[in-house]
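Note: the block below is upload-v9.pdb and it holds PDB, C-alpha atoms.
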MODEL        1
ATOM      1  CA  MET Y   1      60.587 253.820 162.988
ATOM      2  CA  TYR Y   2      60.777 253.487 166.706
ATOM      3  CA  ALA Y   3      62.074 250.591 168.669
ATOM      4  CA  ARG Y   4      61.352 250.375 172.324
ATOM      5  CA  GLN Y   5      62.171 248.009 175.044
ATOM      6  CA  ALA Y   6      60.546 247.685 178.364
ATOM      7  CA  PRO Y   7      62.582 246.775 181.424
ATOM      8  CA  ARG Y   8      62.178 243.623 183.491
ATOM      9  CA  GLY Y   9      63.781 241.373 180.927
ATOM     10  CA  GLY Y  10      64.498 237.756 181.603
ATOM     11  CA  SER Y  11      66.610 235.291 179.720
ATOM     12  CA  ILE Y  12      64.799 232.544 177.931
ATOM     13  CA  THR Y  13      66.393 229.230 178.317
ATOM     14  CA  LYS Y  14      63.419 227.001 178.510
ATOM     15  CA  PHE Y  15      61.782 225.271 175.637
ATOM     16  CA  ASN Y  16      58.289 226.578 175.248
ATOM     17  CA  LEU Y  17      55.249 225.006 173.813
ATOM     18  CA  PRO Y  18      52.537 227.347 172.669
ATOM     19  CA  ALA Y  19      51.097 229.000 175.711
ATOM     20  CA  VAL Y  20      48.189 227.318 177.397
ATOM     21  CA  ALA Y  21      48.491 224.334 175.136
ATOM     22  CA  CYS Y  22      46.091 221.565 175.894
ATOM     23  CA  ASN Y  23      46.801 219.463 178.942
ATOM     24  CA  ALA Y  24      47.938 216.407 177.096
ATOM     25  CA  ARG Y  25      50.690 218.404 175.423
ATOM     26  CA  SER Y  26      51.780 220.072 178.637
ATOM     27  CA  ALA Y  27      52.125 216.679 180.191
ATOM     28  CA  ALA Y  28      54.226 215.605 177.252
ATOM     29  CA  VAL Y  29      56.563 218.515 177.876
ATOM     30  CA  ASP Y  30      57.255 217.380 181.388
ATOM     31  CA  MET Y  31      58.289 213.983 180.208
ATOM     32  CA  GLY Y  32      59.914 214.524 176.868
ATOM     33  CA  ALA Y  33      63.300 215.653 175.704
ATOM     34  CA  GLU Y  34      63.365 218.589 173.359
ATOM     35  CA  TRP Y  35      63.935 216.562 170.240
ATOM     36  CA  GLY Y  36      60.948 214.453 171.123
ATOM     37  CA  ILE Y  37      58.749 217.505 171.410
ATOM     38  CA  LEU Y  38      60.045 218.924 168.165
ATOM     39  CA  HIS Y  39      59.349 215.679 166.407
ATOM     40  CA  HIS Y  40      55.929 215.550 167.951
ATOM     41  CA  MET Y  41      55.142 219.115 166.913
ATOM     42  CA  ALA Y  42      56.381 218.552 163.367
ATOM     43  CA  LYS Y  43      54.104 215.555 163.020
ATOM     44  CA  TYR Y  44      51.256 217.478 164.570
ATOM     45  CA  GLN Y  45      51.831 220.269 162.083
ATOM     46  CA  ALA Y  46      51.926 217.862 159.158
ATOM     47  CA  ARG Y  47      48.673 216.304 160.318
ATOM     48  CA  LEU Y  48      46.981 219.670 160.557
ATOM     49  CA  SER Y  49      48.148 220.513 157.056
ATOM     50  CA  ARG Y  50      46.706 217.286 155.712
ATOM     51  CA  THR Y  51      43.481 217.828 157.589
ATOM     52  CA  PHE Y  52      42.874 221.268 156.207
ATOM     53  CA  GLY Y  53      44.158 220.337 152.784
ATOM     54  CA  ALA Y  54      41.574 217.579 152.703
ATOM     55  CA  LEU Y  55      38.848 219.908 153.934
ATOM     56  CA  ALA Y  56      39.608 222.487 151.265
ATOM     57  CA  ASP Y  57      37.396 220.711 148.741
ATOM     58  CA  PRO Y  58      33.600 221.066 148.802
ATOM     59  CA  THR Y  59      32.987 217.519 147.576
ATOM     60  CA  ARG Y  60      35.086 216.128 150.386
ATOM     61  CA  ARG Y  61      33.265 218.265 152.899
ATOM     62  CA  ALA Y  62      30.000 217.000 151.480
ATOM     63  CA  ILE Y  63      31.233 213.447 151.967
ATOM     64  CA  LEU Y  64      32.100 214.167 155.598
ATOM     65  CA  ALA Y  65      28.745 215.793 156.199
ATOM     66  CA  ARG Y  66      26.995 212.804 154.668
ATOM     67  CA  LEU Y  67      28.990 210.403 156.824
ATOM     68  CA  ARG Y  68      27.990 212.354 159.871
ATOM     69  CA  GLN Y  69      24.361 211.733 158.973
ATOM     70  CA  GLU Y  70      24.904 208.210 157.866
ATOM     71  CA  PRO Y  71      27.884 206.496 159.493
ATOM     72  CA  GLY Y  72      29.065 203.477 157.591
ATOM     73  CA  ALA Y  73      27.582 204.536 154.256
ATOM     74  CA  SER Y  74      28.965 202.507 151.398
ATOM     75  CA  VAL Y  75      31.085 204.011 148.668
ATOM     76  CA  THR Y  76      28.286 203.348 146.189
ATOM     77  CA  GLN Y  77      25.775 205.133 148.394
ATOM     78  CA  LEU Y  78      28.081 208.101 148.736
ATOM     79  CA  ALA Y  79      28.652 208.302 145.004
ATOM     80  CA  ARG Y  80      24.933 208.207 144.281
ATOM     81  CA  ASP Y  81      24.256 211.584 145.883
ATOM     82  CA  LEU Y  82      27.317 213.418 144.652
ATOM     83  CA  PRO Y  83      27.828 215.190 141.344
ATOM     84  CA  VAL Y  84      30.978 213.139 140.888
ATOM     85  CA  LYS Y  85      31.429 209.765 139.266
ATOM     86  CA  LEU Y  86      32.557 206.758 141.266
ATOM     87  CA  PRO Y  87      36.268 206.970 140.372
ATOM     88  CA  GLY Y  88      36.227 210.608 141.440
ATOM     89  CA  VAL Y  89      34.595 209.687 144.724
ATOM     90  CA  MET Y  90      37.259 207.052 145.269
ATOM     91  CA  LYS Y  91      39.972 209.665 144.797
ATOM     92  CA  HIS Y  92      38.337 211.994 147.278
ATOM     93  CA  LEU Y  93      38.045 209.137 149.746
ATOM     94  CA  ASP Y  94      41.749 208.446 149.314
ATOM     95  CA  VAL Y  95      42.548 212.036 150.258
ATOM     96  CA  LEU Y  96      40.242 211.914 153.266
ATOM     97  CA  ALA Y  97      41.720 208.607 154.375
ATOM     98  CA  ALA Y  98      45.287 209.900 153.991
ATOM     99  CA  ALA Y  99      44.347 212.789 156.263
ATOM    100  CA  GLY Y 100      42.913 210.319 158.736
ATOM    101  CA  LEU Y 101      39.455 211.854 158.445
ATOM    102  CA  ILE Y 102      37.749 208.625 157.429
ATOM    103  CA  GLU Y 103      38.237 204.932 157.768
ATOM    104  CA  ARG Y 104      37.115 202.360 155.257
ATOM    105  CA  VAL Y 105      36.020 198.947 156.331
ATOM    106  CA  LYS Y 106      35.569 196.237 153.749
ATOM    107  CA  ALA Y 107      32.858 193.721 154.402
ATOM    108  CA  GLY Y 108      32.527 191.306 151.539
ATOM    109  CA  ARG Y 109      32.011 193.354 148.417
ATOM    110  CA  VAL Y 110      30.825 196.427 150.257
ATOM    111  CA  VAL Y 111      33.138 199.120 151.603
ATOM    112  CA  ALA Y 112      31.656 200.992 154.547
ATOM    113  CA  VAL Y 113      33.038 204.446 155.252
ATOM    114  CA  HIS Y 114      33.208 205.958 158.735
ATOM    115  CA  LEU Y 115      34.159 209.357 160.051
ATOM    116  CA  ALA Y 116      37.321 209.484 162.116
ATOM    117  CA  PRO Y 117      37.168 212.817 163.891
ATOM    118  CA  GLY Y 118      40.594 212.702 165.581
ATOM    119  CA  PRO Y 119      42.312 215.111 163.174
ATOM    120  CA  LEU Y 120      39.499 217.610 163.499
ATOM    121  CA  ARG Y 121      39.738 217.458 167.255
ATOM    122  CA  GLU Y 122      43.394 218.365 166.925
ATOM    123  CA  ALA Y 123      42.489 221.406 164.866
ATOM    124  CA  ILE Y 124      39.928 222.361 167.460
ATOM    125  CA  SER Y 125      42.566 222.154 170.169
ATOM    126  CA  TRP Y 126      44.701 224.606 168.172
ATOM    127  CA  LEU Y 127      41.761 226.952 168.245
ATOM    128  CA  GLN Y 128      41.043 226.339 171.883
ATOM    129  CA  HIS Y 129      44.483 227.239 173.074
ATOM    130  CA  TYR Y 130      44.367 230.546 171.234
ATOM    131  CA  GLU Y 131      40.840 231.068 172.438
ATOM    132  CA  ARG Y 132      42.119 230.733 175.999
ATOM    133  CA  PHE Y 133      45.103 232.959 175.322
ATOM    134  CA  TRP Y 134      43.034 235.752 173.830
ATOM    135  CA  SER Y 135      40.034 235.611 176.090
ATOM    136  CA  GLY Y 136      42.289 235.696 179.160
ATOM    137  CA  SER Y 137      44.445 238.456 177.727
ATOM    138  CA  LEU Y 138      41.490 240.539 176.592
ATOM    139  CA  ASP Y 139      39.872 240.261 180.015
ATOM    140  CA  LYS Y 140      43.047 241.711 181.461
ATOM    141  CA  LEU Y 141      43.278 244.341 178.735
ATOM    142  CA  THR Y 142      39.712 245.464 179.379
ATOM    143  CA  ARG Y 143      40.296 245.738 183.115
ATOM    144  CA  TYR Y 144      43.561 247.565 182.600
ATOM    145  CA  LEU Y 145      42.173 250.137 180.185
ATOM    146  CA  GLU Y 146      38.890 250.694 181.965
ATOM    147  CA  GLU Y 147      40.478 251.139 185.363
ATOM    148  CA  ASP Y 148      43.483 253.192 184.357
ATOM    149  CA  VAL Y 149      42.139 255.439 181.638
TER     150      VAL Y 149
ATOM    151  CA  MET I   1      31.889 235.012 145.735
ATOM    152  CA  SER I   2      33.524 233.356 148.653
ATOM    153  CA  THR I   3      33.915 229.629 148.826
ATOM    154  CA  PRO I   4      32.648 228.159 152.051
ATOM    155  CA  GLY I   5      35.883 226.833 153.465
ATOM    156  CA  ILE I   6      37.069 225.333 156.667
ATOM    157  CA  GLU I   7      40.154 226.724 158.233
ATOM    158  CA  PRO I   8      41.314 227.223 161.773
ATOM    159  CA  CYS I   9      40.380 230.750 162.615
ATOM    160  CA  LEU I  10      39.288 232.433 165.776
ATOM    161  CA  THR I  11      37.412 235.698 166.190
ATOM    162  CA  LEU I  12      36.763 237.499 169.452
ATOM    163  CA  VAL I  13      34.955 240.807 169.890
ATOM    164  CA  ARG I  14      35.167 243.037 172.964
ATOM    165  CA  ARG I  15      33.748 246.410 173.826
ATOM    166  CA  ILE I  16      36.112 248.515 175.860
ATOM    167  CA  LYS I  17      35.396 251.840 177.532
ATOM    168  CA  ALA I  18      38.452 253.564 176.118
ATOM    169  CA  PRO I  19      39.074 255.457 172.880
ATOM    170  CA  PRO I  20      40.517 253.580 169.883
ATOM    171  CA  GLN I  21      43.866 255.380 170.212
ATOM    172  CA  THR I  22      44.276 253.974 173.714
ATOM    173  CA  VAL I  23      43.302 250.472 172.681
ATOM    174  CA  PHE I  24      45.667 250.592 169.747
ATOM    175  CA  ALA I  25      48.507 251.796 171.960
ATOM    176  CA  ALA I  26      47.857 248.900 174.316
ATOM    177  CA  PHE I  27      48.851 246.521 171.512
ATOM    178  CA  VAL I  28      52.078 248.205 170.472
ATOM    179  CA  GLU I  29      53.495 250.078 173.481
ATOM    180  CA  PRO I  30      55.668 247.813 175.639
ATOM    181  CA  ALA I  31      54.684 249.600 178.844
ATOM    182  CA  HIS I  32      51.043 248.775 178.104
ATOM    183  CA  ILE I  33      51.711 245.265 176.849
ATOM    184  CA  LEU I  34      53.365 244.424 180.167
ATOM    185  CA  LYS I  35      50.075 245.153 181.909
ATOM    186  CA  TRP I  36      47.843 242.708 180.111
ATOM    187  CA  TRP I  37      49.542 240.245 177.764
ATOM    188  CA  GLY I  38      49.047 236.619 178.744
ATOM    189  CA  PRO I  39      46.064 234.415 179.480
ATOM    190  CA  ASP I  40      46.062 234.389 183.270
ATOM    191  CA  ALA I  41      47.372 236.332 186.250
ATOM    192  CA  GLY I  42      50.942 235.261 185.591
ATOM    193  CA  PRO I  43      53.400 238.124 185.022
ATOM    194  CA  THR I  44      54.428 239.566 181.687
ATOM    195  CA  LEU I  45      58.190 239.857 181.922
ATOM    196  CA  LEU I  46      59.370 241.527 178.783
ATOM    197  CA  ALA I  47      57.919 243.380 175.825
ATOM    198  CA  GLU I  48      59.779 244.772 172.854
ATOM    199  CA  THR I  49      58.177 246.316 169.803
ATOM    200  CA  ASP I  50      59.502 247.808 166.609
ATOM    201  CA  VAL I  51      56.351 249.333 165.249
ATOM    202  CA  ARG I  52      56.821 249.603 161.517
ATOM    203  CA  VAL I  53      55.807 247.320 158.689
ATOM    204  CA  GLY I  54      58.346 244.516 158.766
ATOM    205  CA  GLY I  55      59.329 245.410 162.335
ATOM    206  CA  ARG I  56      59.120 242.756 165.010
ATOM    207  CA  PHE I  57      57.811 242.349 168.496
ATOM    208  CA  ARG I  58      58.663 239.981 171.286
ATOM    209  CA  VAL I  59      56.783 239.284 174.496
ATOM    210  CA  VAL I  60      57.741 236.993 177.345
ATOM    211  CA  PHE I  61      55.249 235.995 179.989
ATOM    212  CA  GLU I  62      54.668 233.377 182.588
ATOM    213  CA  THR I  63      51.488 231.492 183.228
ATOM    214  CA  LEU I  64      50.371 230.588 186.711
ATOM    215  CA  ASP I  65      51.551 227.030 186.246
ATOM    216  CA  GLY I  66      55.084 228.473 186.271
ATOM    217  CA  GLU I  67      55.692 227.925 182.577
ATOM    218  CA  ARG I  68      57.513 230.676 180.754
ATOM    219  CA  HIS I  69      56.361 231.515 177.230
ATOM    220  CA  GLU I  70      57.862 233.680 174.584
ATOM    221  CA  ASN I  71      56.044 234.815 171.522
ATOM    222  CA  GLY I  72      57.268 236.894 168.665
ATOM    223  CA  GLY I  73      55.787 238.446 165.616
ATOM    224  CA  GLU I  74      56.147 240.792 162.720
ATOM    225  CA  TYR I  75      53.977 243.769 161.879
ATOM    226  CA  LEU I  76      52.380 243.295 158.492
ATOM    227  CA  GLU I  77      49.980 246.253 158.424
ATOM    228  CA  ILE I  78      49.847 249.263 160.736
ATOM    229  CA  ASP I  79      46.966 251.687 160.445
ATOM    230  CA  PRO I  80      46.463 253.374 163.830
ATOM    231  CA  PRO I  81      44.087 253.397 165.529
ATOM    232  CA  ALA I  82      41.902 251.186 163.345
ATOM    233  CA  ARG I  83      43.903 248.179 162.301
ATOM    234  CA  LEU I  84      46.987 246.170 163.088
ATOM    235  CA  VAL I  85      47.980 242.950 161.336
ATOM    236  CA  MET I  86      50.735 240.806 162.776
ATOM    237  CA  ALA I  87      52.416 237.564 161.903
ATOM    238  CA  TRP I  88      52.622 235.557 165.107
ATOM    239  CA  TRP I  89      54.793 232.712 166.318
ATOM    240  CA  TRP I  90      56.065 231.066 169.472
ATOM    241  CA  ALA I  91      59.803 231.310 170.035
ATOM    242  CA  SER I  92      59.928 227.537 170.340
ATOM    243  CA  THR I  93      58.403 226.987 166.900
ATOM    244  CA  PRO I  94      59.214 230.099 164.829
ATOM    245  CA  GLU I  95      58.445 228.298 161.581
ATOM    246  CA  ARG I  96      54.815 227.893 162.567
ATOM    247  CA  ARG I  97      53.295 231.223 161.836
ATOM    248  CA  SER I  98      49.815 232.396 162.331
ATOM    249  CA  ARG I  99      48.292 235.778 161.677
ATOM    250  CA  VAL I 100      46.530 238.110 164.050
ATOM    251  CA  THR I 101      44.367 240.976 162.847
ATOM    252  CA  VAL I 102      43.374 243.598 165.398
ATOM    253  CA  SER I 103      40.506 245.835 164.309
ATOM    254  CA  ILE I 104      39.343 248.739 166.435
ATOM    255  CA  ARG I 105      36.329 250.862 165.669
ATOM    256  CA  PRO I 106      34.915 253.745 167.651
ATOM    257  CA  ILE I 107      31.527 253.216 169.278
ATOM    258  CA  SER I 108      29.609 255.509 171.608
ATOM    259  CA  SER I 109      30.915 253.800 174.737
ATOM    260  CA  GLY I 110      34.523 253.675 173.531
ATOM    261  CA  SER I 111      35.885 251.032 171.202
ATOM    262  CA  GLU I 112      34.843 247.773 169.694
ATOM    263  CA  LEU I 113      37.862 245.526 169.435
ATOM    264  CA  THR I 114      37.931 242.519 167.144
ATOM    265  CA  ILE I 115      40.734 239.975 167.269
ATOM    266  CA  ARG I 116      40.984 237.497 164.466
ATOM    267  CA  HIS I 117      43.621 234.819 164.783
ATOM    268  CA  GLU I 118      44.177 232.637 161.761
ATOM    269  CA  MET I 119      46.493 229.783 161.256
ATOM    270  CA  PHE I 120      49.095 229.778 158.530
ATOM    271  CA  PHE I 121      50.121 226.206 158.267
ATOM    272  CA  ASP I 122      51.630 226.319 154.833
ATOM    273  CA  GLU I 123      51.610 228.161 151.538
ATOM    274  CA  ALA I 124      48.317 226.632 150.559
ATOM    275  CA  ALA I 125      46.736 228.126 153.649
ATOM    276  CA  ARG I 126      48.122 231.518 152.830
ATOM    277  CA  ASP I 127      46.769 231.276 149.304
ATOM    278  CA  SER I 128      43.415 230.220 150.585
ATOM    279  CA  HIS I 129      43.046 233.597 152.260
ATOM    280  CA  LEU I 130      43.299 235.214 148.875
ATOM    281  CA  TRP I 131      40.318 233.207 147.731
ATOM    282  CA  GLY I 132      38.122 234.757 150.335
ATOM    283  CA  TRP I 133      37.398 231.751 152.451
ATOM    284  CA  ASN I 134      35.178 232.200 155.385
ATOM    285  CA  CYS I 135      36.076 231.683 158.947
ATOM    286  CA  THR I 136      34.138 228.537 159.565
ATOM    287  CA  LEU I 137      35.012 227.355 162.990
ATOM    288  CA  ASP I 138      31.382 226.554 163.583
ATOM    289  CA  LYS I 139      31.363 224.119 160.687
ATOM    290  CA  LEU I 140      34.402 222.445 162.088
ATOM    291  CA  GLU I 141      32.813 222.187 165.454
ATOM    292  CA  ARG I 142      29.680 220.709 163.978
ATOM    293  CA  LEU I 143      31.762 218.132 162.200
ATOM    294  CA  VAL I 144      33.551 217.256 165.380
ATOM    295  CA  ALA I 145      30.328 217.226 167.341
ATOM    296  CA  GLY I 146      29.123 214.676 164.803
ATOM    297  CA  ARG I 147      31.456 212.128 166.325
ATOM    298  CA  ASN I 148      28.744 211.395 168.809
ATOM    299  CA  ALA I 149      26.728 209.958 166.004
ATOM    300  CA  ILE I 150      29.428 207.521 165.025
ATOM    301  CA  GLN I 151      28.467 203.973 165.625
ATOM    302  CA  PRO I 152      30.913 201.322 166.683
ATOM    303  CA  ARG I 153      32.674 199.929 163.701
ATOM    304  CA  PRO I 154      32.391 196.283 162.935
ATOM    305  CA  THR I 155      35.652 194.557 163.613
ATOM    306  CA  THR I 156      37.229 192.873 160.647
TER     307      THR I 156
ENDMDL
END

Transcribe the structure of this file into structure tokens.
Amino acid sequence: MYARQAPRGGSITKFNLPAVACNARSAAVDMGAEWGILHHMAKYQARLSRTFGALADPTRRAILARLRQEPGASVTQLARDLPVKLPGVMKHLDVLAAAGLIERVKAGRVVAVHLAPGPLREAISWLQHYERFWSGSLDKLTRYLEEDV
Amino acid sequence: MSTPGIEPCLTLVRRIKAPPQTVFAAFVEPAHILKWWGPDAGPTLLAETDVRVGGRFRVVFETLDGERHENGGEYLEIDPPARLVMAWWWASTPERRSRVTVSIRPISSGSELTIRHEMFFDEAARDSHLWGWNCTLDKLERLVAGRNAIQPRPTT
């Protein structure tokens, strides 16, 4: 319909990470070559996909919630409270483990299951960088519109 | 009925003393975008918009740390001055798309602006939106907060 361009253009030659990415990633940019960053981001993306894929199921979320209450619960204990039979629980645990959301530790005949919150923290950092982007931008937007209009 | 889901999604609400038309224009008019886009006091250097469904936009800005950032997007829904839906990506990773929904409703003092930013990490995520999942950042945060309760694991 209508295309417009504002002046003050600049050429973009630099590789950009998402704006206001978390500090660890900014530091990585300083050090890394572009291919390294791309590889890193691709892996990051794949991890996020696995995380949220794993979280898409209510039984798996119930397992995580239970593990939060009771770290190190055994597989048998977990199965007892769920409307799923043991083999089903095992499958869900496999998905959670593949996503890195849990770790299983075998002690004799008992398998203890622990939460591993790393992948969730990564998802939170995705949210945090957009939270920073938007809250900063909207502060500026509010000032701009309220002062100039 | 919506399934309680967990997905990365961010919602911010602001009240602005300006009419919805003005707020809407601030999102699509390059001259306005240059005045506010970007998280800190760093300058916004370039803004281009092609405001039609399927049209694209591009914004370049610098943050105070000296980093230059470019983000692009595509307009998915345009309903001025109430609603604007955009696909969103960073120029460095154009395959990683997220979606931003801007909703503007008139209130007595001006406008209430709601920004919802959702991640699209793959097809499954896109489909999940069709199933009416909730934005459940709080659940995610509770899960993460639960890490404090994790006891040291026995070494094997």

### Task
Apply the ChimeraX specification (/Y :<6) & /I to the file shown and report the selected residues as an MDAnalysis selection string.
chainID I and resid 16:17 30 36:40 45:50 52 69 92 144 146 150

### Message
as a ChimeraX atom specification, please: the residues near segment 79-81 of chain I (cut-off 6 Å, all atoms listed in the file, same-chain neighbours under 3 positions excluded).
### Response
/I:20-21,24

Please, what is the axis-aligned box for every listed atom of segment 45-57 of chain Y with 5 Å on each side, as centre and edge lengths in Å to one decimal, as lines of an AutoDock Vina configuration file?
center_x = 44.7
center_y = 219.4
center_z = 155.4
size_x = 24.5
size_y = 16.2
size_z = 23.3

### Task
For atom CA of Gly72 of chain I and atom CA of Gly42 of chain I, determine how far apart the two atoms are, in Å to one decimal place.
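Value for the atom CA of Gly72 of chain I-atom CA of Gly42 of chain I distance: 18.1 Å.
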
### Task
Between atom CA of Leu10 of chain I and atom CA of Gly66 of chain I, measure the distance and give it in Å to one decimal.
26.2 Å

### Message
Just the number, please: distance in Å from atom CA of Ile63 of chain Y to atom CA of Leu86 of chain Y, one decimal.
### Response
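Distance reported for this atom pair: 12.7 Å.
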
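Closest approach to Arg109 of chain Y from the set Y:Arg66, Y:Val75, Y:Met90, Y:Arg47 is made by Y:Val75, with distances taken over only C-alpha atoms.
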
### Task
Tell me, as an MDAnalysis selection string, which residues lie within 7 Å of Pro106 of chain I, counting only C-alpha atoms; anything in the same chain fewer than 3 positions away does not count.
chainID I and resid 19:20 110:112

Written selection (C-alpha atoms) as a tab-separated table (two decimals), keeping the file's coordinate frame:
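File result10.tsv, as written:
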chain	number	residue	atom	x	y	z
I	19	PRO	CA	39.07	255.46	172.88
I	20	PRO	CA	40.52	253.58	169.88
I	110	GLY	CA	34.52	253.68	173.53
I	111	SER	CA	35.88	251.03	171.20
I	112	GLU	CA	34.84	247.77	169.69

### Message
Using only C-alpha atoms for the distances, tell me which of I:Leu34, I:Ile78, I:Ala41, I:Ile115 is nearest to Gly55 of chain I.
### Response
I:Ile78

### Task
Would you mind listing what lies within 7 Å of Ser103 of chain I as a ChimeraX atom specification, with all atoms listed in the file counted and same-chain residues fewer than 3 positions away left out?
/I:82-84,113-115
